[in-house]
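J.: Quick one, protein34.txt (compact mmCIF, C-alpha atoms):
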# COMPACT_ATOMS: atom_id res chain seq x y z
CA MET A 1199 -18.09 -4.46 -82.74
CA ASP A 1200 -21.38 -2.53 -82.40
CA ALA A 1201 -23.76 -1.79 -85.26
CA GLY A 1202 -22.56 1.79 -85.71
CA ARG A 1203 -18.94 0.76 -86.13
CA LEU A 1204 -19.94 -2.03 -88.49
CA VAL A 1205 -21.92 0.37 -90.68
CA GLU A 1206 -19.02 2.84 -90.68
CA ALA A 1207 -16.57 0.10 -91.64
CA VAL A 1208 -18.82 -0.99 -94.51
CA ARG A 1209 -19.13 2.58 -95.72
CA ALA A 1210 -15.37 3.09 -95.57
CA GLY A 1211 -14.82 -0.13 -97.52
CA ALA A 1212 -17.37 0.94 -100.12
CA ARG A 1213 -15.71 4.34 -100.51
CA GLY A 1214 -12.34 2.70 -100.92
CA MET A 1215 -13.63 0.27 -103.54
CA ARG A 1216 -15.39 3.05 -105.40
CA GLY A 1217 -12.18 5.04 -105.49
CA GLU A 1218 -10.26 2.05 -106.88
CA LEU A 1219 -12.91 1.12 -109.45
CA PHE A 1220 -13.38 4.61 -110.84
CA THR A 1221 -9.84 5.71 -111.52
CA VAL A 1222 -7.59 6.36 -114.48
CA ALA A 1223 -4.41 6.22 -112.40
CA ARG A 1224 -1.31 4.94 -114.12
CA ASP A 1225 -0.21 1.50 -112.92
CA PRO A 1226 2.26 0.11 -115.48
CA LEU A 1227 3.57 -3.43 -115.56
CA PRO A 1228 7.09 -3.67 -114.17
CA ARG A 1229 9.80 -3.91 -116.82
CA GLN A 1230 13.10 -5.67 -116.15
CA GLY A 1231 16.31 -5.88 -118.15
CA ALA A 1232 17.00 -5.30 -121.83
CA LEU A 1233 13.96 -7.36 -122.85
CA GLY A 1234 11.61 -5.31 -120.73
CA TRP A 1235 9.52 -4.23 -123.72
CA LEU A 1236 9.17 -7.74 -125.13
CA PRO A 1237 5.99 -8.68 -123.18
CA HIS A 1238 4.40 -5.37 -124.16
CA VAL A 1239 5.16 -6.01 -127.82
CA HIS A 1240 3.56 -9.44 -127.59
CA VAL A 1241 0.44 -7.99 -125.99
CA ALA A 1242 0.17 -5.31 -128.66
CA LEU A 1243 0.52 -7.85 -131.48
CA PHE A 1244 -2.04 -10.10 -129.85
CA ALA A 1245 -4.49 -7.22 -129.52
CA LEU A 1246 -3.99 -6.28 -133.17
CA CYS A 1247 -4.51 -9.79 -134.52
CA VAL A 1248 -7.44 -10.71 -132.33
CA GLY A 1249 -8.99 -7.28 -132.84
CA LEU A 1250 -9.01 -7.88 -136.60
CA VAL A 1251 -10.67 -11.25 -136.04
CA ASN A 1252 -13.17 -9.59 -133.75
CA GLY A 1253 -14.06 -7.04 -136.40
CA VAL A 1254 -14.55 -9.82 -138.98
CA GLU A 1255 -16.82 -11.73 -136.59
CA TYR A 1256 -19.06 -8.68 -136.31
CA THR A 1257 -19.44 -8.26 -140.09
CA TYR A 1258 -22.83 -9.90 -139.91
CA ALA A 1259 -24.18 -6.68 -138.33
CA ALA A 1260 -26.68 -5.12 -140.63
CA GLY A 1261 -26.65 -1.77 -142.40
CA SER A 1262 -25.31 1.33 -140.77
CA GLY A 1263 -24.62 -0.46 -137.50
CA ARG A 1264 -21.70 -2.29 -139.06
CA ALA A 1265 -19.32 0.71 -138.93
CA PHE A 1266 -20.25 1.45 -135.33
CA VAL A 1267 -19.58 -2.14 -134.30
CA ALA A 1268 -16.20 -2.02 -136.07
CA VAL A 1269 -15.30 1.01 -133.96
CA CYS A 1270 -16.23 -0.95 -130.83
CA ALA A 1271 -14.00 -3.83 -131.97
CA VAL A 1272 -11.08 -1.41 -132.44
CA ALA A 1273 -11.76 0.13 -129.02
CA GLN A 1274 -11.72 -3.29 -127.39
CA ALA A 1275 -8.40 -4.13 -129.03
CA GLY A 1276 -7.00 -0.78 -127.90
CA ALA A 1277 -8.20 -1.50 -124.36
CA VAL A 1278 -5.77 -4.43 -124.20
CA VAL A 1279 -2.84 -2.14 -124.97
CA MET A 1280 -4.15 0.47 -122.51
CA ALA A 1281 -4.32 -2.23 -119.80
CA LEU A 1282 -0.51 -2.34 -119.79
CA SER A 1283 -0.43 1.08 -118.11
CA ARG A 1284 -3.99 1.87 -116.91
CA PRO A 1285 -5.73 -1.44 -116.19
CA VAL A 1286 -8.88 -0.11 -114.52
CA ALA A 1287 -9.67 2.41 -117.26
CA ALA A 1288 -8.90 -0.24 -119.90
CA TRP A 1289 -11.28 -2.68 -118.26
CA TRP A 1290 -14.10 -0.11 -118.30
CA LEU A 1291 -13.42 0.60 -121.98
CA SER A 1292 -13.41 -3.12 -122.85
CA THR A 1293 -16.57 -3.78 -120.85
CA ALA A 1294 -18.38 -0.87 -122.51
CA ALA A 1295 -17.25 -2.05 -125.97
CA LEU A 1296 -18.55 -5.56 -125.25
CA ALA A 1297 -21.90 -4.28 -124.03
CA VAL A 1298 -22.44 -1.80 -126.88
CA SER A 1299 -21.40 -4.34 -129.52
CA ALA A 1300 -23.80 -6.90 -128.09
CA GLU A 1301 -26.70 -4.47 -128.17
CA SER A 1302 -25.86 -3.30 -131.69
CA VAL A 1303 -25.78 -6.75 -133.27
CA GLY A 1304 -28.23 -8.50 -130.98
CA ALA A 1305 -31.15 -8.35 -133.40
CA THR A 1306 -29.10 -9.64 -136.37
CA VAL A 1307 -27.17 -12.49 -134.75
CA PRO A 1308 -27.84 -15.70 -136.69
CA GLU A 1309 -28.73 -18.84 -134.80
CA GLY A 1310 -25.71 -20.81 -133.68
CA ARG A 1311 -23.42 -17.78 -133.41
CA VAL A 1312 -21.78 -16.90 -130.06
CA TRP A 1313 -23.56 -13.99 -128.40
CA PRO A 1314 -23.52 -11.57 -126.50
CA TRP A 1315 -19.72 -11.89 -126.72
CA SER A 1316 -17.78 -12.99 -129.76
CA VAL A 1317 -14.96 -15.50 -129.39
CA ALA A 1318 -12.36 -12.85 -130.20
CA GLY A 1319 -14.07 -10.40 -127.85
CA ILE A 1320 -13.93 -12.97 -125.04
CA ALA A 1321 -10.20 -13.48 -125.70
CA LEU A 1322 -9.47 -9.75 -125.62
CA HIS A 1323 -11.49 -9.12 -122.47
CA THR A 1324 -9.92 -12.15 -120.77
CA LEU A 1325 -6.50 -10.62 -121.34
CA VAL A 1326 -7.72 -7.27 -119.99
CA LEU A 1327 -9.02 -8.94 -116.81
CA LEU A 1328 -5.75 -10.81 -116.43
CA LEU A 1329 -3.73 -7.60 -116.69
CA LEU A 1330 -6.13 -5.92 -114.25
CA SER A 1331 -5.94 -8.69 -111.64
CA LEU A 1332 -2.13 -8.66 -111.83
CA ARG A 1333 -2.11 -5.11 -110.41
CA ALA A 1334 -5.42 -4.54 -108.62
CA ARG A 1335 -6.37 -6.00 -105.27
CA PRO A 1336 -8.40 -9.23 -105.36
CA ARG A 1337 -11.63 -7.54 -104.31
CA ILE A 1338 -11.34 -5.06 -107.21
CA ALA A 1339 -10.67 -7.89 -109.66
CA ALA A 1340 -13.68 -9.81 -108.28
CA ALA A 1341 -15.87 -6.71 -108.62
CA ALA A 1342 -14.71 -6.25 -112.23
CA LEU A 1343 -15.54 -9.88 -112.97
CA ALA A 1344 -19.02 -9.53 -111.44
CA ILE A 1345 -19.75 -6.34 -113.40
CA THR A 1346 -18.59 -7.96 -116.65
CA ILE A 1347 -20.81 -11.02 -116.19
CA GLY A 1348 -23.69 -8.84 -115.02
CA ALA A 1349 -23.43 -6.73 -118.18
CA GLY A 1350 -23.60 -9.87 -120.33
CA LEU A 1351 -26.64 -11.20 -118.49
CA LEU A 1352 -28.30 -7.80 -118.83
CA ASP A 1353 -27.72 -7.85 -122.61
CA VAL A 1354 -29.33 -11.31 -122.81
CA ALA A 1355 -32.28 -10.21 -120.67
CA LEU A 1356 -32.93 -7.09 -122.74
CA SER A 1357 -32.76 -9.01 -126.02
CA GLY A 1358 -35.29 -11.63 -124.92
CA ARG A 1359 -33.14 -14.37 -126.46
CA SER A 1360 -31.69 -17.42 -124.72
CA HIS A 1361 -27.89 -17.20 -124.76
CA ASN A 1362 -27.15 -17.95 -121.12
CA GLN A 1363 -24.89 -20.83 -122.20
CA ASP A 1364 -22.67 -18.41 -124.11
CA VAL A 1365 -22.49 -16.14 -121.05
CA THR A 1366 -21.43 -19.14 -118.98
CA ARG A 1367 -18.59 -19.96 -121.38
CA GLY A 1368 -17.33 -16.40 -121.28
CA ALA A 1369 -17.69 -16.28 -117.49
CA ILE A 1370 -15.48 -19.37 -117.18
CA ALA A 1371 -12.74 -17.72 -119.26
CA PHE A 1372 -13.02 -14.45 -117.35
CA GLY A 1373 -13.03 -16.16 -113.97
CA THR A 1374 -9.98 -18.24 -114.86
CA ALA A 1375 -8.08 -15.10 -115.85
CA VAL A 1376 -8.99 -13.36 -112.59
CA VAL A 1377 -7.99 -16.35 -110.46
CA ILE A 1378 -4.64 -16.72 -112.25
CA GLY A 1379 -3.90 -13.00 -112.11
CA ALA A 1380 -4.86 -12.67 -108.45
CA SER A 1381 -2.71 -15.70 -107.55
CA LEU A 1382 0.30 -14.27 -109.36
CA ARG A 1383 -0.23 -10.90 -107.71
CA MET A 1384 -0.48 -12.39 -104.23
CA SER A 1385 2.67 -14.40 -104.89
CA ARG A 1386 4.51 -11.26 -106.02
CA VAL A 1387 3.29 -9.28 -103.00
CA ALA A 1388 4.32 -12.09 -100.66
CA ARG A 1389 7.81 -12.17 -102.17
CA SER A 1390 8.11 -8.40 -101.90
CA ARG A 1391 7.06 -8.45 -98.25
CA LEU A 1392 9.47 -11.30 -97.58
CA VAL A 1393 12.31 -9.28 -99.09
CA GLU A 1394 11.32 -6.25 -97.02
CA GLN A 1395 11.18 -8.39 -93.88
CA GLU A 1396 14.59 -9.85 -94.64
CA VAL A 1397 16.01 -6.35 -95.05
CA LEU A 1398 14.43 -5.24 -91.77
CA THR A 1399 15.72 -8.36 -90.03
CA ALA A 1400 19.22 -7.79 -91.36
CA ASP A 1401 19.14 -4.15 -90.25
CA GLU A 1402 17.86 -5.13 -86.82
CA ARG A 1403 20.52 -7.82 -86.48
CA ALA A 1404 23.24 -5.35 -87.47
CA ARG A 1405 21.88 -2.79 -85.00
CA ARG A 1406 21.74 -5.35 -82.20
CA THR A 1407 25.26 -6.56 -83.01
CA LEU A 1408 26.51 -2.97 -82.93
CA LEU A 1409 24.93 -2.38 -79.52
CA GLU A 1410 26.35 -5.63 -78.15
CA GLU A 1411 29.83 -4.75 -79.35
CA ARG A 1412 29.61 -1.24 -77.92
CA GLY A 1413 28.45 -2.71 -74.61
CA ARG A 1414 31.43 -5.05 -74.59
CA ILE A 1415 33.81 -2.17 -75.32
CA ALA A 1416 32.17 -0.09 -72.58
CA ARG A 1417 32.61 -2.90 -70.05
CA GLU A 1418 36.28 -3.28 -70.91
CA LEU A 1419 36.99 0.43 -70.81
CA HIS A 1420 35.19 0.64 -67.47
CA ASP A 1421 37.83 -1.63 -65.99
CA VAL A 1422 40.59 0.56 -67.40
CA VAL A 1423 39.02 3.78 -66.13
CA ALA A 1424 38.21 2.21 -62.77
CA HIS A 1425 41.86 1.32 -62.30
CA HIS A 1426 42.98 4.90 -62.85
CA MET A 1427 40.26 6.26 -60.58
CA SER A 1428 41.33 3.84 -57.87
CA VAL A 1429 44.93 5.00 -58.23
CA ILE A 1430 43.82 8.65 -57.98
CA SER A 1431 41.81 7.88 -54.85
CA ILE A 1432 44.70 6.07 -53.18
CA GLN A 1433 47.23 8.74 -54.10
CA ALA A 1434 44.95 11.48 -52.79
CA GLN A 1435 44.59 9.59 -49.52
CA VAL A 1436 48.32 8.94 -49.10
CA ALA A 1437 49.59 12.35 -50.25
CA PRO A 1438 49.03 14.21 -46.92
CA HIS A 1439 51.25 11.68 -45.15
CA LEU A 1440 54.11 12.35 -47.56
CA VAL A 1441 54.30 16.07 -46.68
CA ALA A 1442 55.60 17.43 -43.41
CA ASN A 1443 52.99 19.58 -41.70
CA PRO A 1444 50.54 19.82 -44.65
CA SER A 1445 48.31 22.86 -44.61
CA GLU A 1446 44.58 22.61 -44.03
CA GLU A 1447 43.88 23.82 -47.58
CA LEU A 1448 46.02 21.02 -48.99
CA ARG A 1449 44.24 18.44 -46.86
CA GLU A 1450 40.84 19.77 -48.00
CA ASN A 1451 41.82 19.74 -51.67
CA LEU A 1452 43.19 16.21 -51.48
CA ALA A 1453 40.11 15.07 -49.57
CA GLY A 1454 37.92 16.60 -52.29
CA ILE A 1455 39.94 14.81 -54.97
CA ARG A 1456 39.54 11.49 -53.16
CA GLU A 1457 35.81 12.06 -52.64
CA ASN A 1458 35.27 12.84 -56.33
CA ALA A 1459 37.26 9.77 -57.32
CA VAL A 1460 35.21 7.56 -55.00
CA GLN A 1461 31.96 9.02 -56.36
CA ALA A 1462 33.14 8.43 -59.92
CA LEU A 1463 33.98 4.81 -59.06
CA THR A 1464 30.51 4.36 -57.57
CA GLU A 1465 28.87 5.67 -60.71
CA LEU A 1466 31.08 3.47 -62.88
CA ARG A 1467 30.13 0.39 -60.87
CA ARG A 1468 26.45 1.26 -61.21
CA ILE A 1469 26.76 1.62 -65.00
CA LEU A 1470 28.78 -1.57 -65.20
CA GLY A 1471 26.03 -3.41 -63.34
CA VAL A 1472 23.51 -2.33 -65.97
CA LEU A 1473 25.78 -3.34 -68.84
CA ARG A 1474 26.66 -6.71 -67.37
CA SER A 1475 23.15 -7.62 -66.20
CA ALA A 1476 22.23 -8.65 -69.77
CA ASP A 1477 25.50 -10.48 -70.39
CA PRO A 1478 25.92 -13.66 -68.31
CA GLU A 1479 29.33 -14.34 -69.87
CA ALA A 1480 30.68 -11.09 -68.46
CA GLU A 1481 30.16 -12.28 -64.88
CA GLY A 1482 32.87 -14.90 -65.26
CA VAL A 1483 35.51 -12.35 -66.21
CA ARG A 1484 34.43 -9.27 -64.29
CA HIS A 1485 37.39 -9.49 -61.90
CA ALA A 1486 40.00 -10.45 -64.51
CA PRO A 1487 42.47 -7.74 -65.61
CA GLN A 1488 41.94 -6.42 -69.12
CA PRO A 1489 44.61 -7.64 -71.56
CA THR A 1490 47.08 -5.43 -73.42
CA LEU A 1491 49.88 -6.04 -75.91
CA ASP A 1492 51.99 -7.39 -73.02
CA ARG A 1493 49.87 -10.55 -73.29
CA LEU A 1494 50.11 -10.81 -77.07
CA GLY A 1495 52.62 -13.65 -76.82
CA GLU A 1496 50.20 -15.68 -74.73
CA LEU A 1497 47.43 -15.12 -77.26
CA ILE A 1498 49.60 -16.18 -80.19
CA ALA A 1499 50.77 -19.27 -78.30
CA ASN A 1500 47.14 -20.30 -77.78
CA VAL A 1501 46.20 -19.98 -81.47
CA ARG A 1502 49.36 -21.83 -82.47
CA GLY A 1503 48.28 -24.62 -80.19
CA ALA A 1504 44.96 -24.67 -82.06
CA GLY A 1505 46.83 -25.36 -85.32
CA LEU A 1506 47.15 -21.87 -86.80
CA GLU A 1507 50.60 -20.96 -88.18
CA VAL A 1508 51.40 -17.44 -86.95
CA ALA A 1509 54.47 -15.28 -87.51
CA THR A 1510 55.08 -12.04 -85.61
CA ALA A 1511 57.09 -8.91 -86.30
CA THR A 1512 57.65 -5.70 -84.36
CA THR A 1513 59.02 -2.47 -85.79
CA GLY A 1514 59.96 0.67 -83.94
CA THR A 1515 60.79 0.97 -80.26
CA PRO A 1516 58.20 -0.60 -77.96
CA ARG A 1517 56.95 1.77 -75.27
CA PRO A 1518 54.19 1.87 -72.69
CA LEU A 1519 50.78 2.58 -74.19
CA SER A 1520 47.66 3.99 -72.66
CA PRO A 1521 45.36 1.19 -71.43
CA GLY A 1522 42.71 2.04 -74.00
CA VAL A 1523 45.13 1.80 -76.91
CA GLY A 1524 46.75 -1.36 -75.58
CA LEU A 1525 43.40 -3.06 -74.96
CA SER A 1526 42.06 -2.08 -78.41
CA ALA A 1527 45.20 -3.29 -80.17
CA TYR A 1528 45.02 -6.62 -78.33
CA ARG A 1529 41.33 -7.10 -79.19
CA ILE A 1530 41.91 -6.24 -82.85
CA VAL A 1531 44.65 -8.87 -83.11
CA GLN A 1532 42.46 -11.35 -81.24
CA GLU A 1533 39.49 -10.83 -83.58
CA ALA A 1534 41.71 -10.98 -86.66
CA LEU A 1535 43.22 -14.30 -85.58
CA SER A 1536 39.76 -15.68 -84.80
CA ASN A 1537 38.52 -14.65 -88.24
CA ALA A 1538 41.51 -16.32 -89.87
CA MET A 1539 40.83 -19.56 -87.99
CA ARG A 1540 37.15 -19.52 -88.97
CA HIS A 1541 37.31 -18.32 -92.57
CA ALA A 1542 40.80 -19.28 -93.78
CA PRO A 1543 41.60 -22.78 -92.49
CA GLY A 1544 45.15 -23.84 -93.24
CA ALA A 1545 46.32 -20.28 -93.92
CA CYS A 1546 49.51 -18.69 -92.60
CA VAL A 1547 49.03 -15.52 -90.57
CA ARG A 1548 51.48 -12.67 -89.98
CA VAL A 1549 50.98 -10.21 -87.12
CA ALA A 1550 52.98 -6.98 -87.39
CA ILE A 1551 53.06 -4.33 -84.66
CA GLY A 1552 54.59 -0.98 -85.59
CA TYR A 1553 55.47 1.68 -83.00
CA GLN A 1554 55.46 5.15 -84.52
CA PRO A 1555 56.11 8.47 -82.74
CA SER A 1556 52.40 9.25 -82.33
CA ALA A 1557 50.60 6.11 -83.46
CA LEU A 1558 50.53 2.35 -83.23
CA THR A 1559 50.07 0.26 -86.38
CA VAL A 1560 48.49 -3.18 -86.15
CA ARG A 1561 48.57 -5.29 -89.31
CA VAL A 1562 47.27 -8.87 -89.52
CA THR A 1563 47.58 -10.64 -92.88
CA ASN A 1564 46.60 -14.20 -93.73
CA SER A 1565 47.43 -16.19 -96.86
CA PRO A 1566 44.71 -17.90 -98.95
CA PRO A 1567 43.03 -20.86 -97.21
CA THR A 1568 44.17 -24.35 -98.16
CA ARG A 1569 40.75 -25.93 -97.67
CA ALA A 1570 37.11 -24.92 -97.67
CA ALA A 1571 35.87 -23.05 -94.62
CA PRO A 1572 32.96 -24.56 -92.68
CA PRO A 1573 29.64 -22.71 -92.74
CA SER A 1574 29.68 -19.72 -90.41
CA THR A 1575 27.21 -19.85 -87.52
CA GLY A 1576 28.18 -16.57 -85.87
CA SER A 1577 26.73 -13.09 -86.29
CA GLY A 1578 29.85 -11.89 -88.10
CA HIS A 1579 30.61 -8.78 -86.02
CA GLY A 1580 34.41 -9.13 -85.76
CA LEU A 1581 35.12 -6.38 -88.28
CA LEU A 1582 32.39 -4.26 -86.74
CA GLY A 1583 34.09 -4.47 -83.35
CA MET A 1584 37.43 -3.50 -84.87
CA ARG A 1585 35.88 -0.45 -86.52
CA GLU A 1586 34.20 0.58 -83.26
CA ARG A 1587 37.43 0.32 -81.30
CA THR A 1588 39.43 2.19 -83.95
CA ALA A 1589 36.83 4.95 -84.29
CA MET A 1590 36.68 5.31 -80.49
CA LEU A 1591 40.37 6.22 -80.46
CA GLY A 1592 40.12 8.45 -83.55
CA GLY A 1593 42.11 6.02 -85.66
CA GLU A 1594 41.67 4.40 -89.04
CA LEU A 1595 40.92 0.82 -90.10
CA ALA A 1596 41.45 -0.70 -93.55
CA THR A 1597 40.37 -4.22 -94.52
CA GLY A 1598 40.35 -6.06 -97.82
CA ARG A 1599 41.63 -8.86 -99.99
CA THR A 1600 45.32 -9.17 -100.81
CA PRO A 1601 46.54 -9.71 -104.41
CA GLU A 1602 47.44 -13.29 -103.48
CA GLY A 1603 43.90 -14.08 -102.40
CA GLY A 1604 44.31 -13.68 -98.65
CA PHE A 1605 42.93 -11.03 -96.31
CA GLU A 1606 44.55 -8.10 -94.53
CA ILE A 1607 43.48 -5.93 -91.62
CA THR A 1608 45.38 -2.73 -90.84
CA ALA A 1609 44.58 -0.46 -87.89
CA LEU A 1610 46.25 2.87 -87.15
CA LEU A 1611 45.70 3.84 -83.51
CA PRO A 1612 46.80 7.30 -82.31
CA THR A 1613 48.91 7.26 -79.14
CA ASP A 1614 50.49 9.75 -76.76
CA PRO A 1615 54.27 10.12 -77.12
CA ALA A 1616 54.83 9.29 -73.48
CA VAL A 1617 52.49 7.45 -71.17
CA PRO A 1618 53.45 6.50 -67.61
CA SER A 1619 53.51 2.78 -67.02
CA HIS A 1620 50.96 1.48 -64.51
CA PRO A 1621 49.78 -2.02 -63.70
CA THR A 1622 46.51 -2.89 -65.45
CA GLU A 1623 44.97 -4.92 -62.61
CA ASP A 1624 41.52 -3.87 -61.54
CA THR A 1625 41.93 -2.50 -58.01
CA ARG A 1626 38.33 -1.78 -57.34
Any chance you could give the structure as structure tokens?

T.:
Amino acid sequence: MDAGRLVEAVRAGARGMRGELFTVARDPLPRQGALGWLPHVHVALFALCVGLVNGVEYTYAAGSGRAFVAVCAVAQAGAVVMALSRPVAAWWLSTAALAVSAESVGATVPEGRVWPWSVAGIALHTLVLLLLSLRARPRIAAAALAITIGAGLLDVALSGRSHNQDVTRGAIAFGTAVVIGASLRMSRVARSRLVEQEVLTADERARRTLLEERGRIARELHDVVAHHMSVISIQAQVAPHLVANPSEELRENLAGIRENAVQALTELRRILGVLRSADPEAEGVRHAPQPTLDRLGELIANVRGAGLEVATATTGTPRPLSPGVGLSAYRIVQEALSNAMRHAPGACVRVAIGYQPSALTVRVTNSPPTRAAPPSTGSGHGLLGMRERTAMLGGELATGRTPEGGFEITALLPTDPAVPSHPTEDTR
């Protein structure tokens, strides 16, 4: 850093400190709960009692100066109460009261008495500095401490008397208050920043989990869409051979359909490559067909083999479903069973599939766990994935505790009344 920048930085720091030292801005102490006013009441009572003692200590002031000094004592006691809401202005008031009182009684202080600050005055100003350092930045509290001690030394120098020892005693009390207050403030600020960081971390984790789940859904739906595009391409290629003497216009239209389907498949593969490049686990299953409700029995057999007691029920007339609905229903059941195994060990699970005229209902209910669940080490995005899949289809998802203490997941997935049945293998 060159000299010019250094000078500018010093000037900016000085302007900032000047703005913080000469302010009457409101900065109240935080109040919490029903007893929020209790600390303020204690401070007010302390200021009243010690202020009375301070006024008594100054009764040795001679003549007409006695009333003036009493006013200063009252002002210093009031500064403590003011410090609860305006600490900087209160500190200036207390410092001025200390300095004026010292000058007023300096010539009449008997030998052996504490001067330039009385014992009660030191106690009141110590509390003001403590309240100031609890809110102000450490450099402002240090500047206030230096000004306070400097004012005391100036009073001693102007009086020509030797009371440096008394200034030292007061400086120790003031410095202790500033150190304690600054430490408490830094601890409070650190806790606040830690809470903010935890909130940001939680938000970032939730955002990342959401993106991961959406990427997984996009990869799965790519396989479904790719299958249909492959079928369209093959049908467009075969169609001219199924018609006797097809016209040239028909051949051109079918060729255009096949070309568009091939281009769409190419774009889908390119997007899939981007999605799967950051997911090594996806490479192992990229050529596997996406599951539907036809494989629900296999899934339930696997979880039964893992020790989970599962009962199934189907209502309505089963019918072919669109691949997106079938895949989403399968994944919802899969995530619900996984959650039951992780969070409700020993529970009984019931899987109910309901076929309605224009919707599919998926309900997974588990009973209360029979033993404590182990600590979860996952990111906890099972319910998030269910909501994403349901919202993608325009459906509804409801989750919550059952009256018996278990957990229930219900998904309503809109369907088409009639969907042609096609194999779900990826024919890319």

J.: Quote the spacing between CA of Gly1598 (chain A) and CA of Thr1563 (chain A) in Å to one decimal place.

T.: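 That distance, rounded to one decimal, is 9.9 Å.
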
J.: Which distance in Å separates CA of Asn1564 (chain A) and CA of Leu1582 (chain A), to one decimal?

T.: 18.7 Å

J.: Rounded to one decimal in Å, what is the spacing between CA of Ala1369 (chain A) and CA of Arg1386 (chain A)?

T.: 25.5 Å

J.: Smallest atom-to-atom distance to Leu1519 (chain A): which of A:Val1317, A:Leu1328, A:Ala1557, A:Val1377, using only C-alpha atoms?

T.: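 Among the listed residues, A:Ala1557 lies closest to Leu1519 (chain A).
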
J.: So that I can check the surroundings of Ala1380 (chain A), please list as a ChimeraX atom specification every protein, DNA and RNA residue that reaches within 6 Å of it, counting only C-alpha atoms and ignoring chain neighbours fewer than 4 positions away.

T.: /A:1331-1332,1336,1376

J.: Taking only C-alpha atoms into account, which of A:Arg1517, A:Arg1540, A:Arg1569, A:Arg1529 comes nearest Thr1588 (chain A)?

T.: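 Selected residue with least distance to Thr1588 (chain A): A:Arg1529.
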
J.: I want to know what sits within 10 Å of Ala1223 (chain A), based on all atoms listed in the file, with residues of the same chain fewer than 6 positions away left out; could you give that as JSON, numbers by chain?

T.: {"A": [1283, 1284, 1285, 1286, 1287]}

J.: Return as lines of an AutoDock Vina configuration file the centre and edge lengths, in Å with one decimal, of the box along x, y and z that encloses every atom of region 1332-1337 of chain A in the file, padded by 5 Å per side.

T.:
center_x = -6.9
center_y = -6.9
center_z = -108.1
size_x = 19.5
size_y = 14.7
size_z = 17.5

J.: Using all atoms listed in the file, collect all residues at a distance of at most 12 Å from (36.2, -4.9, -80.3) as written in the file, then present them as a tab-separated table (two decimals) with C-alpha atoms, in the coordinates of the input.

T.:
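Output contents, as saved in part.tsv:
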chain	number	residue	atom	x	y	z
A	1407	THR	CA	25.26	-6.56	-83.01
A	1408	LEU	CA	26.51	-2.97	-82.93
A	1409	LEU	CA	24.93	-2.38	-79.52
A	1410	GLU	CA	26.35	-5.63	-78.15
A	1411	GLU	CA	29.83	-4.75	-79.35
A	1412	ARG	CA	29.61	-1.24	-77.92
A	1413	GLY	CA	28.45	-2.71	-74.61
A	1414	ARG	CA	31.43	-5.05	-74.59
A	1415	ILE	CA	33.81	-2.17	-75.32
A	1416	ALA	CA	32.17	-0.09	-72.58
A	1417	ARG	CA	32.61	-2.90	-70.05
A	1418	GLU	CA	36.28	-3.28	-70.91
A	1419	LEU	CA	36.99	0.43	-70.81
A	1522	GLY	CA	42.71	2.04	-74.00
A	1523	VAL	CA	45.13	1.80	-76.91
A	1525	LEU	CA	43.40	-3.06	-74.96
A	1526	SER	CA	42.06	-2.08	-78.41
A	1527	ALA	CA	45.20	-3.29	-80.17
A	1528	TYR	CA	45.02	-6.62	-78.33
A	1529	ARG	CA	41.33	-7.10	-79.19
A	1530	ILE	CA	41.91	-6.24	-82.85
A	1531	VAL	CA	44.65	-8.87	-83.11
A	1532	GLN	CA	42.46	-11.35	-81.24
A	1533	GLU	CA	39.49	-10.83	-83.58
A	1534	ALA	CA	41.71	-10.98	-86.66
A	1579	HIS	CA	30.61	-8.78	-86.02
A	1580	GLY	CA	34.41	-9.13	-85.76
A	1581	LEU	CA	35.12	-6.38	-88.28
A	1582	LEU	CA	32.39	-4.26	-86.74
A	1583	GLY	CA	34.09	-4.47	-83.35
A	1584	MET	CA	37.43	-3.50	-84.87
A	1585	ARG	CA	35.88	-0.45	-86.52
A	1586	GLU	CA	34.20	0.58	-83.26
A	1587	ARG	CA	37.43	0.32	-81.30
A	1588	THR	CA	39.43	2.19	-83.95
A	1589	ALA	CA	36.83	4.95	-84.29
A	1590	MET	CA	36.68	5.31	-80.49
A	1591	LEU	CA	40.37	6.22	-80.46

J.: Which residue out of A:Ala1349, A:Leu1558, A:Val1387, A:Ser1565 has the minimum interatomic distance to Leu1595 (chain A) when all atoms listed in the file are used?

T.: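 Selected residue with least distance to Leu1595 (chain A): A:Leu1558.
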
J.: Can you pull out every residue within 12 Å of Gly1454 (chain A), counting all atoms listed in the file, but drop anything in the same chain fewer than 4 positions away, and send it as a list of chain:residue names?

T.: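 With the cut-off at 12 Å, the set is A:Ile1430, A:Ser1431, A:Ala1434, A:Gln1435, A:Glu1447, A:Leu1448, A:Arg1449, A:Glu1450, A:Asn1458, A:Ala1459, A:Val1460, A:Gln1461.
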
J.: Name the closest residue to Leu1491 (chain A) among the candidates A:Arg1548, A:Leu1463, A:Gly1503, A:Ser1520; distances are taken between atoms, counting all atoms listed in the file.

T.: A:Ser1520

J.: Give the answer as one residue: which of A:Met1539, A:Val1393, A:Leu1351, A:Val1547 has the shortest atom-to-atom distance to Pro1572 (chain A), using all atoms listed in the file?

T.: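 Looking at the shortest contact to Pro1572 (chain A), the residue is A:Met1539.
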
J.: Measuring between all atoms listed in the file, which one of A:Leu1246, A:Leu1325, A:Leu1356, A:Ile1378 shows the shortest distance to Ala1297 (chain A)?

T.: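 Checking each of A:Leu1246, A:Leu1325, A:Leu1356, A:Ile1378 against Ala1297 (chain A), counting all atoms listed in the file, the winner is A:Leu1356.
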
J.: Please provide as a list of chain:residue names all residues within 12 Å of Ala1340 (chain A), with the sequence filter that same-chain residues fewer than 2 positions apart are discarded (counting only C-alpha atoms).

T.: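 In the requested form, the answer reads A:Met1215, A:Leu1219, A:Leu1327, A:Leu1328, A:Leu1330, A:Ser1331, A:Ala1334, A:Arg1335, A:Pro1336, A:Arg1337, A:Ile1338, A:Ala1342, A:Leu1343, A:Ala1344, A:Ile1345, A:Thr1346, A:Ile1347, A:Ala1369, A:Phe1372, A:Gly1373, A:Thr1374, A:Ala1375, A:Val1376, A:Val1377, A:Gly1379, A:Ala1380.
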